[in-house]
$ cat target35.cif   # mmCIF, C-alpha atoms
data_model
#
loop_
_atom_site.label_atom_id
_atom_site.label_comp_id
_atom_site.auth_asym_id
_atom_site.auth_seq_id
_atom_site.Cartn_x
_atom_site.Cartn_y
_atom_site.Cartn_z
CA MET F 24 40.55 -32.26 24.00
CA THR F 25 42.60 -31.33 20.94
CA ASP F 26 43.34 -27.74 19.93
CA GLU F 27 41.18 -28.21 16.84
CA GLU F 28 38.27 -29.27 19.05
CA LYS F 29 38.80 -26.28 21.32
CA LEU F 30 38.89 -23.84 18.40
CA SER F 31 35.76 -25.40 16.92
CA ALA F 32 33.97 -25.11 20.29
CA ILE F 33 35.09 -21.48 20.62
CA ASN F 34 33.68 -20.61 17.19
CA GLU F 35 30.44 -22.44 17.90
CA THR F 36 30.02 -20.53 21.18
CA ILE F 37 30.84 -17.18 19.57
CA ASN F 38 28.24 -17.80 16.86
CA LYS F 39 25.58 -18.41 19.52
CA LEU F 40 26.50 -15.33 21.52
CA ARG F 41 26.68 -13.07 18.47
CA ASP F 42 23.41 -14.16 16.87
CA GLU F 43 21.45 -10.95 16.24
CA LYS F 44 18.06 -12.46 17.17
CA THR F 45 18.93 -14.75 20.08
CA GLY F 46 22.41 -13.72 21.23
CA LEU F 47 23.84 -11.17 23.62
CA SER F 48 22.64 -8.14 21.64
CA SER F 49 19.11 -9.37 20.95
CA LEU F 50 17.41 -7.51 23.82
CA LYS F 51 19.16 -4.25 22.95
CA ASN F 52 18.24 -4.72 19.28
CA LEU F 53 14.56 -5.02 20.20
CA ILE F 54 14.69 -1.83 22.25
CA THR F 55 16.64 0.02 19.56
CA ASP F 56 14.03 -0.98 16.96
CA ALA F 57 11.22 0.22 19.23
CA LEU F 58 12.86 3.61 19.79
CA LYS F 59 14.38 4.31 16.37
CA THR F 60 11.25 6.10 15.15
CA GLU F 61 11.26 8.38 18.20
CA PRO F 62 14.31 10.71 17.87
CA THR F 63 12.49 13.64 19.52
CA LEU F 64 11.43 11.45 22.41
CA ILE F 65 14.97 10.16 22.91
CA ALA F 66 16.49 13.67 22.72
CA ALA F 67 14.03 15.05 25.29
CA ALA F 68 14.62 12.17 27.71
CA ASN F 69 18.40 12.34 27.43
CA GLN F 70 18.46 16.13 27.82
CA HIS F 71 16.27 15.94 30.92
CA ILE F 72 18.65 13.40 32.48
CA LEU F 73 21.64 15.62 31.68
CA ASN F 74 19.99 18.80 32.96
CA THR F 75 18.60 17.21 36.11
CA THR F 76 21.71 15.32 37.20
CA GLY F 77 24.02 18.23 36.36
CA GLU F 78 26.30 16.08 34.21
CA THR F 79 27.64 17.01 30.78
CA GLU F 80 27.72 15.43 27.35
CA ASP F 81 31.51 15.08 27.70
CA GLU F 82 31.24 12.56 30.51
CA PRO F 83 31.65 8.89 29.52
CA LEU F 84 28.24 7.54 30.45
CA GLU F 85 25.62 7.26 27.76
CA HIS F 86 22.98 8.58 30.13
CA LEU F 87 19.76 7.34 28.55
CA ASP F 88 21.25 3.90 27.94
CA VAL F 89 22.28 3.71 31.59
CA PHE F 90 18.78 4.67 32.70
CA ILE F 91 17.21 2.05 30.43
CA TRP F 92 19.55 -0.67 31.68
CA CYS F 93 18.83 0.21 35.32
CA VAL F 94 15.13 -0.20 34.56
CA LEU F 95 15.78 -3.48 32.76
CA PHE F 96 17.80 -4.87 35.68
CA LYS F 97 14.79 -4.42 37.94
CA LYS F 98 12.34 -5.82 35.36
CA ILE F 99 14.46 -8.90 34.72
CA GLN F 100 14.96 -9.48 38.45
CA LYS F 101 11.21 -9.25 39.07
CA ASN F 102 10.47 -11.62 36.20
CA GLU F 103 13.03 -14.11 37.50
CA GLU F 104 11.37 -14.00 40.93
CA SER F 105 7.77 -14.22 39.70
CA HIS F 106 8.20 -16.31 36.54
CA ALA F 107 5.35 -14.22 35.14
CA LYS F 108 6.74 -14.45 31.61
CA THR F 109 9.08 -16.72 29.74
CA PRO F 110 12.15 -14.91 28.38
CA SER F 111 10.54 -14.99 24.91
CA GLU F 112 7.34 -13.43 26.24
CA PHE F 113 9.40 -10.86 28.16
CA LYS F 114 11.22 -9.84 24.99
CA LYS F 115 8.01 -9.55 22.95
CA THR F 116 6.66 -6.72 25.08
CA ILE F 117 9.83 -5.03 26.29
CA GLY F 118 10.16 -2.60 23.36
CA ASP F 119 6.76 -1.00 23.97
CA GLU F 120 7.31 -0.99 27.73
CA ILE F 121 10.62 0.86 27.39
CA LYS F 122 9.09 3.35 24.94
CA GLU F 123 6.46 4.29 27.54
CA ILE F 124 9.15 4.60 30.23
CA VAL F 125 11.26 6.90 28.03
CA LYS F 126 8.19 9.07 27.37
CA ALA F 127 7.80 9.57 31.13
CA ILE F 128 11.44 10.52 31.83
CA PRO F 129 10.99 14.32 31.33
CA LYS F 130 8.42 14.27 34.15
CA LEU F 131 10.73 12.61 36.67
CA SER F 132 12.20 14.57 39.58
CA LYS F 133 15.90 14.67 40.36
CA GLU F 134 15.36 12.28 43.28
CA GLU F 135 13.50 9.78 41.07
CA LEU F 136 16.22 9.90 38.42
CA GLU F 137 19.06 9.53 40.90
CA LYS F 138 17.35 6.64 42.64
CA THR F 139 17.07 4.78 39.33
CA LEU F 140 20.63 5.56 38.26
CA GLU F 141 22.41 4.91 41.57
CA ASN F 142 24.91 2.06 41.91
CA TYR F 143 24.86 1.27 38.20
CA ASP F 144 28.30 -0.38 38.23
CA ASP F 145 27.43 -2.45 41.28
CA LYS F 146 24.22 -3.62 39.61
CA ARG F 147 26.17 -4.74 36.53
CA GLU F 148 28.80 -6.52 38.61
CA LYS F 149 26.21 -8.44 40.64
CA LEU F 150 24.80 -9.92 37.42
CA ASN F 151 28.00 -11.99 37.12
CA ALA F 152 26.71 -14.18 39.96
CA THR F 153 23.95 -15.48 37.64
CA PRO F 154 25.82 -16.26 34.39
CA GLY F 155 22.90 -17.98 32.67
CA ILE F 156 20.87 -14.79 32.69
CA PHE F 157 22.81 -13.19 29.82
CA MET F 158 21.86 -15.65 27.09
CA LYS F 159 18.48 -16.31 28.70
CA TYR F 160 17.38 -12.70 28.08
CA GLY F 161 19.89 -11.76 25.40
CA PHE F 162 21.94 -8.93 26.89
CA THR F 163 25.20 -7.79 28.41
CA THR F 164 26.09 -4.38 29.81
CA SER F 165 29.87 -4.77 30.18
CA CYS F 166 32.84 -6.69 28.87
CA THR F 167 32.92 -8.72 32.09
CA ASN F 168 29.27 -9.72 31.54
CA GLY F 169 30.27 -10.83 28.04
CA ALA F 170 33.20 -12.86 29.35
CA VAL F 171 30.96 -14.52 31.93
CA ALA F 172 28.39 -15.33 29.25
CA PHE F 173 31.03 -16.89 27.00
CA ILE F 174 32.51 -19.12 29.68
CA ASP F 175 29.07 -20.15 30.88
CA GLU F 176 27.98 -21.13 27.37
CA PHE F 177 31.35 -22.74 26.54
CA THR F 178 31.28 -24.98 29.63
CA LYS F 179 27.54 -25.39 30.28
CA GLU F 180 27.17 -28.85 28.77
CA HIS F 181 30.88 -29.67 28.92
CA SER F 182 32.12 -29.28 32.50
CA GLU F 183 35.50 -30.78 31.54
CA ARG F 184 36.23 -27.57 29.62
CA LYS F 185 36.38 -25.54 32.83
CA GLN F 186 39.99 -26.57 33.29
CA TYR F 187 40.93 -24.64 30.12
CA VAL F 188 39.27 -21.28 30.81
CA LYS F 189 40.31 -18.08 32.61
CA PHE F 190 39.26 -14.45 32.87
CA MET F 191 41.90 -11.88 31.88
CA PHE F 192 41.46 -8.41 33.40
CA THR F 193 43.40 -5.51 31.87
CA THR F 194 43.77 -1.75 32.43
CA VAL F 195 44.61 0.75 29.69
CA TRP F 196 48.01 2.42 29.99
CA ASP F 197 46.82 5.95 30.92
CA HIS F 198 44.29 4.89 33.59
CA LEU F 199 46.47 2.60 35.67
CA LEU F 200 46.15 4.46 38.96
CA ASN F 201 42.37 4.87 39.05
CA GLY F 202 41.60 1.67 37.11
CA ARG F 203 38.47 3.12 35.54
CA SER F 204 39.16 2.18 31.95
CA GLY F 205 39.97 -1.41 31.11
CA HIS F 206 38.78 -4.55 29.42
CA THR F 207 37.92 -8.10 30.49
CA VAL F 208 38.09 -11.08 28.14
CA PRO F 209 37.55 -14.83 28.43
CA CYS F 210 40.52 -17.01 27.52
CA VAL F 211 40.93 -20.66 26.50
CA GLU F 212 44.22 -22.52 26.98
CA LEU F 213 45.74 -24.50 24.13
CA ASN F 214 47.66 -27.70 24.69
CA ASN F 215 51.10 -26.09 24.37
CA GLY F 216 50.26 -23.51 27.07
CA ASP F 217 49.42 -20.64 24.71
CA TRP F 218 46.00 -18.97 25.03
CA ILE F 219 43.16 -17.86 22.78
CA ILE F 220 41.72 -14.46 23.82
CA ILE F 221 38.06 -14.07 22.83
CA GLU F 222 35.78 -11.09 22.14
CA PRO F 223 32.27 -12.53 22.57
CA ARG F 224 30.18 -9.39 22.08
CA ASN F 225 29.09 -7.84 18.79
CA PRO F 226 30.34 -4.25 18.46
CA THR F 227 33.72 -2.55 17.98
CA PHE F 228 35.81 -5.28 16.36
CA PRO F 229 37.55 -5.02 12.98
CA LYS F 230 36.70 -7.19 9.98
CA GLY F 231 34.94 -9.94 11.90
CA LYS F 232 38.03 -10.90 13.90
CA PHE F 233 37.00 -12.11 17.35
CA THR F 234 39.94 -14.15 18.66
CA LYS F 235 43.63 -13.48 19.23
CA ARG F 236 46.41 -15.84 20.22
CA ILE F 237 48.85 -14.98 23.02
CA SER F 238 51.90 -17.00 24.02
CA LYS F 239 52.18 -18.51 27.49
CA ASP F 240 55.19 -16.24 28.13
CA ASP F 241 53.12 -13.11 27.42
CA PHE F 242 50.03 -14.37 29.26
CA GLN F 243 51.38 -13.03 32.56
CA VAL F 244 50.25 -10.44 35.09
CA GLY F 245 52.19 -7.21 34.48
CA LYS F 246 52.74 -7.82 30.77
CA SER F 247 51.38 -5.59 28.00
CA PHE F 248 48.50 -6.67 25.74
CA LYS F 249 46.81 -5.00 22.75
CA HIS F 250 43.14 -5.85 22.39
CA LEU F 251 41.17 -6.33 19.18
CA MET F 252 38.74 -3.48 19.94
CA THR F 253 38.61 -0.66 17.40
CA PHE F 254 38.19 1.65 20.41
CA ARG F 255 41.75 2.41 21.52
CA ASN F 256 42.93 -0.16 18.99
CA GLY F 257 46.66 -0.78 19.16
CA GLU F 258 47.09 0.88 22.56
CA PRO F 259 48.77 -1.13 25.33
CA TYR F 260 46.78 -2.49 28.26
CA MET F 261 48.44 -3.92 31.36
CA ILE F 262 47.39 -7.44 32.32
CA LYS F 263 46.25 -6.80 35.90
CA ALA F 264 44.82 -10.20 36.85
CA ILE F 265 44.20 -13.69 35.44
CA LEU F 266 41.54 -15.49 37.47
CA ASP F 267 39.16 -18.44 37.51
CA LYS F 268 36.13 -16.39 38.53
CA PRO F 269 34.66 -12.94 37.82
CA PHE F 270 33.81 -10.34 40.45
CA THR F 271 30.34 -9.56 41.80
CA ASP F 272 31.34 -6.45 43.79
CA HIS F 273 32.48 -3.41 41.81
CA GLU F 274 34.82 -1.94 44.42
CA VAL F 275 36.51 -5.31 44.93
CA PHE F 276 36.88 -5.57 41.15
CA LEU F 277 38.56 -2.15 40.98
CA GLU F 278 40.93 -3.01 43.81
CA LYS F 279 41.85 -6.55 42.78
CA ALA F 280 41.67 -6.46 38.99
CA SER F 281 41.81 -2.88 37.76
CA ARG F 282 43.74 -0.32 39.83
CA VAL F 283 47.53 -0.53 39.67
CA LYS F 284 49.80 0.58 42.50
CA LEU F 285 52.16 3.44 41.78
CA ASP F 286 55.49 1.56 41.65
CA ARG F 287 54.03 -1.14 39.41
CA ALA F 288 52.41 1.46 37.15
CA GLN F 289 55.77 3.23 36.81
CA THR F 290 57.46 -0.02 35.80
CA PHE F 291 54.80 -0.69 33.17
CA ILE F 292 54.99 2.81 31.68
CA ASN F 293 58.79 2.50 31.46
CA GLN F 294 58.33 -0.85 29.70
CA ILE F 295 55.86 0.33 27.05
CA PHE F 296 57.85 3.52 26.44
CA GLU F 297 60.99 1.48 25.77
CA GLN F 298 58.94 -0.71 23.41
CA GLY F 299 57.82 2.39 21.47
CA ASP F 300 54.14 1.94 22.32
CA ILE F 301 53.73 5.49 23.69
CA THR F 302 55.33 8.80 22.71
CA GLU F 303 57.75 10.93 24.70
CA GLU F 304 54.92 13.41 25.37
CA GLN F 305 52.62 10.65 26.64
CA TYR F 306 55.43 9.28 28.80
CA GLN F 307 56.09 12.68 30.37
CA GLN F 308 52.37 13.20 30.98
CA GLN F 309 52.30 9.98 32.99
CA GLN F 310 55.41 11.03 34.92
CA ARG F 311 53.65 14.24 35.99
CA LYS F 312 50.63 12.20 37.07
CA PHE F 313 52.85 9.81 39.02
CA GLU F 314 54.74 12.66 40.71
CA ARG F 315 51.47 14.23 41.82
CA GLU F 316 50.37 10.88 43.23
CA ARG F 317 53.66 10.53 45.11
CA ARG F 318 53.12 13.95 46.71
CA ILE F 319 49.60 12.99 47.70
CA GLN F 320 50.74 9.71 49.21
CA SER F 321 53.56 11.44 51.10
CA LEU F 322 51.22 14.11 52.41
CA ARG F 323 48.64 11.51 53.39
CA LEU F 324 51.23 9.64 55.46
CA ALA F 325 52.43 12.87 57.04
CA THR F 326 48.87 13.87 57.91
CA GLU F 327 48.22 10.49 59.51
CA GLU F 328 51.37 10.91 61.58
CA LEU F 329 50.29 14.42 62.64
CA GLY F 330 46.95 12.97 63.71
CA LYS F 331 48.71 10.45 65.93
CA GLN F 332 50.84 13.18 67.48
CA VAL F 333 47.78 15.35 68.20
CA GLN F 334 46.24 12.41 70.05
CA HIS F 335 49.34 11.30 71.97
CA GLY F 336 51.65 14.26 72.38
CA PRO F 337 51.75 18.00 73.13
CA TYR F 338 53.94 18.98 70.18
CA VAL F 339 51.40 19.35 67.34
CA SER F 340 48.31 21.55 67.38
CA MET F 341 44.89 20.77 65.93
CA ASP F 342 45.28 23.82 63.64
CA GLU F 343 48.39 22.29 62.08
CA LEU F 344 46.53 19.03 61.50
CA LYS F 345 43.61 20.83 59.86
CA ARG F 346 45.95 22.74 57.54
CA ALA F 347 47.61 19.50 56.50
CA GLN F 348 44.26 17.83 55.90
CA ALA F 349 43.09 20.78 53.78
CA GLN F 350 46.25 20.60 51.67
CA GLN F 351 45.80 16.86 51.23
CA ALA F 352 42.18 17.36 50.12
CA TYR F 353 43.23 20.06 47.63
CA LEU F 354 45.94 17.91 46.05
CA GLY F 355 43.62 14.94 45.94
CA TYR F 356 41.02 17.00 44.10
CA GLY F 357 43.61 18.08 41.54
CA ASN F 358 44.62 14.49 40.95
CA LEU F 359 41.04 13.34 40.36
CA HIS F 360 40.18 16.20 38.02
CA GLU F 361 43.32 16.52 35.92
#

$ encode --input "target35.cif" --output "structure tokens"
Amino acid sequence: MTDEEKLSAINETINKLRDEKTGLSSLKNLITDALKTEPTLIAAANQHILNTTGETEDEPLEHLDVFIWCVLFKKIQKNEESHAKTPSEFKKTIGDEIKEIVKAIPKLSKEELEKTLENYDDKREKLNATPGIFMKYGFTTSCTNGAVAFIDEFTKEHSERKQYVKFMFTTVWDHLLNGRSGHTVPCVELNNGDWIIIEPRNPTFPKGKFTKRISKDDFQVGKSFKHLMTFRNGEPYMIKAILDKPFTDHEVFLEKASRVKLDRAQTFINQIFEQGDITEEQYQQQQRKFERERRIQSLRLATEELGKQVQHGPYVSMDELKRAQAQQAYLGYGNLHE
């Protein structure tokens, strides 16, 4: 397959995925259209979710959107099991169904809300096990879903193309330790070993640019990469993993493809600081974060050792162990809520 053929196939796939009526945003567009005349309804539902769950507007989740997607996951799953409606029939009625559900949100108890919202990330990750579902119903809820949808569509009728594709998982420079802010993209290899990085979903990309070329030397775990997204545009992300398959378990995803161990994170921050990608102030902020993490890790090891001594020797008291555990918990809390 020539590079020209690959690039043509990439563009053809992107056009399918980004089609407003049949692509990956089509289900969301239908729901948005159904709700756009109901600003009071939306405000009341969102405020009830915020008040009931005790979360704030400053937190990253778009609460009503998350609630709607959790409902949709269940509806799609039930429709897949029962085959009650074709995807087209499902989409015809979904706007009105969601409108009625949003109307009922202010009447829901805290327990009912939390039950619907629980395990949201796990629910999204599990969808990666059924790649055809994204174009079938016209939705994605994460960048990994989008990457899965692209590779599925790109290779669906051309299995020989599977040899050219990978998933690239990255973590933004200031969330390396917890891994909770990153980006996943599908990639297609060119014949000279360079790669085309693809953004298959509709929003947050400048001037209609959806692909970026990266050399084979830079397409390496541990290297820095700047995505095309307008969100955090130009900021360095660390390439954490390059894999043949996506993840279907969120905690495994965080551990294997998102969180970065302390020593490796330090090396990366040194690298991007030397390259001029972050300021002196940003660099020092990360050093403080790393130092706190070192203290936590040191205290954790010391506490584990104290625990062993309490069990096997007469030299350490239970009170000393409890004090150490309390200090560890306090420092851990400070790290998580900086």

$ residues_around --input "target35.cif" --residues "Arg287 in chain F" --least-positions-apart "2" --cutoff "12 Å" --atoms "only C-alpha atoms" --output "MDAnalysis selection string"
chainID F and resid 196 199:200 244:246 261:263 282:285 289:294 313

$ resolve_selection --input "target35.cif" --expression "the PyMOL selection byres ((chain F and resi 74) around 12)" --output "JSON, numbers by chain"
{"F": [66, 67, 68, 69, 70, 71, 72, 73, 75, 76, 77, 78, 79, 80, 86, 128, 129, 131, 132, 133, 136]}

$ closest_residue --input "target35.cif" --among "F:Glu104, F:Glu278, F:Asp175, F:Asp56" --to "Ala152 in chain F" --atoms "only C-alpha atoms"
F:Asp175

$ residues_around --input "target35.cif" --residues "Gln100 in chain F" --least-positions-apart "5" --cutoff "12 Å" --atoms "only C-alpha atoms" --output "ChimeraX atom specification"
/F:93-95,105-108,110,113,146,149-150,153,156,160

$ write_last_selection --input "target35.cif" --atoms "C-alpha atoms" --output "mmCIF file, in the frame of the given file"
data_model
loop_
_atom_site.group_PDB
_atom_site.id
_atom_site.type_symbol
_atom_site.label_atom_id
_atom_site.label_comp_id
_atom_site.auth_asym_id
_atom_site.auth_seq_id
_atom_site.Cartn_x
_atom_site.Cartn_y
_atom_site.Cartn_z
ATOM 1 C CA CYS F 93 18.830 0.210 35.320
ATOM 2 C CA VAL F 94 15.130 -0.200 34.560
ATOM 3 C CA LEU F 95 15.780 -3.480 32.760
ATOM 4 C CA SER F 105 7.770 -14.220 39.700
ATOM 5 C CA HIS F 106 8.200 -16.310 36.540
ATOM 6 C CA ALA F 107 5.350 -14.220 35.140
ATOM 7 C CA LYS F 108 6.740 -14.450 31.610
ATOM 8 C CA PRO F 110 12.150 -14.910 28.380
ATOM 9 C CA PHE F 113 9.400 -10.860 28.160
ATOM 10 C CA LYS F 146 24.220 -3.620 39.610
ATOM 11 C CA LYS F 149 26.210 -8.440 40.640
ATOM 12 C CA LEU F 150 24.800 -9.920 37.420
ATOM 13 C CA THR F 153 23.950 -15.480 37.640
ATOM 14 C CA ILE F 156 20.870 -14.790 32.690
ATOM 15 C CA TYR F 160 17.380 -12.700 28.080
#

$ atom_distance --input "target35.cif" --atom1 "CA of Ala288 in chain F" --atom2 "CA of Thr302 in chain F"
16.5 Å

$ closest_residue --input "target35.cif" --among "F:Leu87, F:Pro154, F:Thr163, F:Glu112" --to "Thr178 in chain F" --atoms "only C-alpha atoms"
F:Pro154

$ resolve_selection --input "target35.cif" --expression "the PyMOL selection byres ((chain F and resi 272) around 8)" --output "list of chain:residue names"
F:Asp145, F:Glu148, F:Lys149, F:Phe270, F:Thr271, F:His273, F:Glu274, F:Val275, F:Phe276

$ atom_distance --input "target35.cif" --atom1 "CA of His198 in chain F" --atom2 "CA of His250 in chain F"
15.6 Å

$ closest_residue --input "target35.cif" --among "F:Lys185, F:Met24, F:Ile121, F:Phe192" --to "Lys279 in chain F" --atoms "only C-alpha atoms"
F:Phe192

$ resolve_selection --input "target35.cif" --expression "the PyMOL selection byres ((chain F and resi 176) around 12)" --output "VMD selection string"
chain F and resid 32 to 40 46 to 47 154 to 159 169 to 175 177 to 182 184 to 185 188 209 223

$ atom_distance --input "target35.cif" --atom1 "CA of Leu50 in chain F" --atom2 "CA of Thr253 in chain F"
23.2 Å

$ closest_residue --input "target35.cif" --among "F:Phe248, F:Phe242, F:Tyr143, F:Phe233" --to "Asp300 in chain F" --atoms "only C-alpha atoms"
F:Phe248

$ residues_near_point --input "target35.cif" --point "(34.8, -7.0, 27.8)" --cutoff "6 Å" --atoms "all atoms listed in the file" --output "list of chain:residue names"
F:Ser165, F:Cys166, F:Thr167, F:Gly169, F:His206, F:Thr207, F:Val208

$ write_last_selection --input "target35.cif" --atoms "C-alpha atoms" --output "PDB file, in the frame of the given file"
ATOM      1  CA  SER F 165      29.870  -4.770  30.180  1.00  0.00           C
ATOM      2  CA  CYS F 166      32.840  -6.690  28.870  1.00  0.00           C
ATOM      3  CA  THR F 167      32.920  -8.720  32.090  1.00  0.00           C
ATOM      4  CA  GLY F 169      30.270 -10.830  28.040  1.00  0.00           C
ATOM      5  CA  HIS F 206      38.780  -4.550  29.420  1.00  0.00           C
ATOM      6  CA  THR F 207      37.920  -8.100  30.490  1.00  0.00           C
ATOM      7  CA  VAL F 208      38.090 -11.080  28.140  1.00  0.00           C
TER       8      VAL F 208
END

$ axis_aligned_box --input "target35.cif" --around "range 103-109 of chain F" --padding-each-side "6 Å" --output "lines of an AutoDock Vina configuration file"
center_x = 9.2
center_y = -15.4
center_z = 35.3
size_x = 19.7
size_y = 14.7
size_z = 23.2

$ residues_near_point --input "target35.cif" --point "(16.1, -14.5, 23.1)" --cutoff "6 Å" --atoms "all atoms listed in the file" --output "PyMOL selection string"
chain F and resi 45+111+160-161

$ closest_residue --input "target35.cif" --among "F:Asn215, F:Ala57, F:Ile221, F:Lys101" --to "Glu123 in chain F" --atoms "only C-alpha atoms"
F:Ala57

$ closest_residue --input "target35.cif" --among "F:Ala280, F:Glu183, F:Gln310, F:Ile319" --to "Lys29 in chain F" --atoms "all atoms listed in the file"
F:Glu183

$ decode --input "target35.cif" --residues "range 43-54 of chain F" --atoms "N, CA and C atoms" --output "short mmCIF file (atom, residue, chain, number, x, y, z; two decimals), in the first residue's frame"
data_model
loop_
_atom_site.label_atom_id
_atom_site.label_comp_id
_atom_site.auth_asym_id
_atom_site.auth_seq_id
_atom_site.Cartn_x
_atom_site.Cartn_y
_atom_site.Cartn_z
N GLU F 43 -21.75 15.16 9.99
CA GLU F 43 -22.61 15.68 11.04
C GLU F 43 -23.88 14.85 11.25
N LYS F 44 -24.37 14.20 10.20
CA LYS F 44 -25.64 13.47 10.29
C LYS F 44 -25.46 11.98 10.56
N THR F 45 -24.34 11.41 10.16
CA THR F 45 -24.15 9.96 10.33
C THR F 45 -22.88 9.59 11.08
N GLY F 46 -22.05 10.56 11.39
CA GLY F 46 -20.76 10.28 12.01
C GLY F 46 -20.79 10.23 13.52
N LEU F 47 -19.63 10.43 14.12
CA LEU F 47 -19.46 10.20 15.55
C LEU F 47 -20.11 11.26 16.44
N SER F 48 -20.57 12.35 15.86
CA SER F 48 -21.27 13.37 16.65
C SER F 48 -22.77 13.38 16.39
N SER F 49 -23.25 12.48 15.54
CA SER F 49 -24.64 12.57 15.10
C SER F 49 -25.64 12.34 16.23
N LEU F 50 -25.35 11.42 17.15
CA LEU F 50 -26.27 11.17 18.25
C LEU F 50 -26.31 12.38 19.18
N LYS F 51 -25.15 12.92 19.49
CA LYS F 51 -25.10 14.11 20.35
C LYS F 51 -25.81 15.29 19.69
N ASN F 52 -25.66 15.43 18.38
CA ASN F 52 -26.33 16.53 17.67
C ASN F 52 -27.84 16.43 17.79
N LEU F 53 -28.36 15.21 17.70
CA LEU F 53 -29.81 15.01 17.84
C LEU F 53 -30.29 15.41 19.23
N ILE F 54 -29.53 15.04 20.24
CA ILE F 54 -29.91 15.36 21.61
C ILE F 54 -29.78 16.86 21.87
#
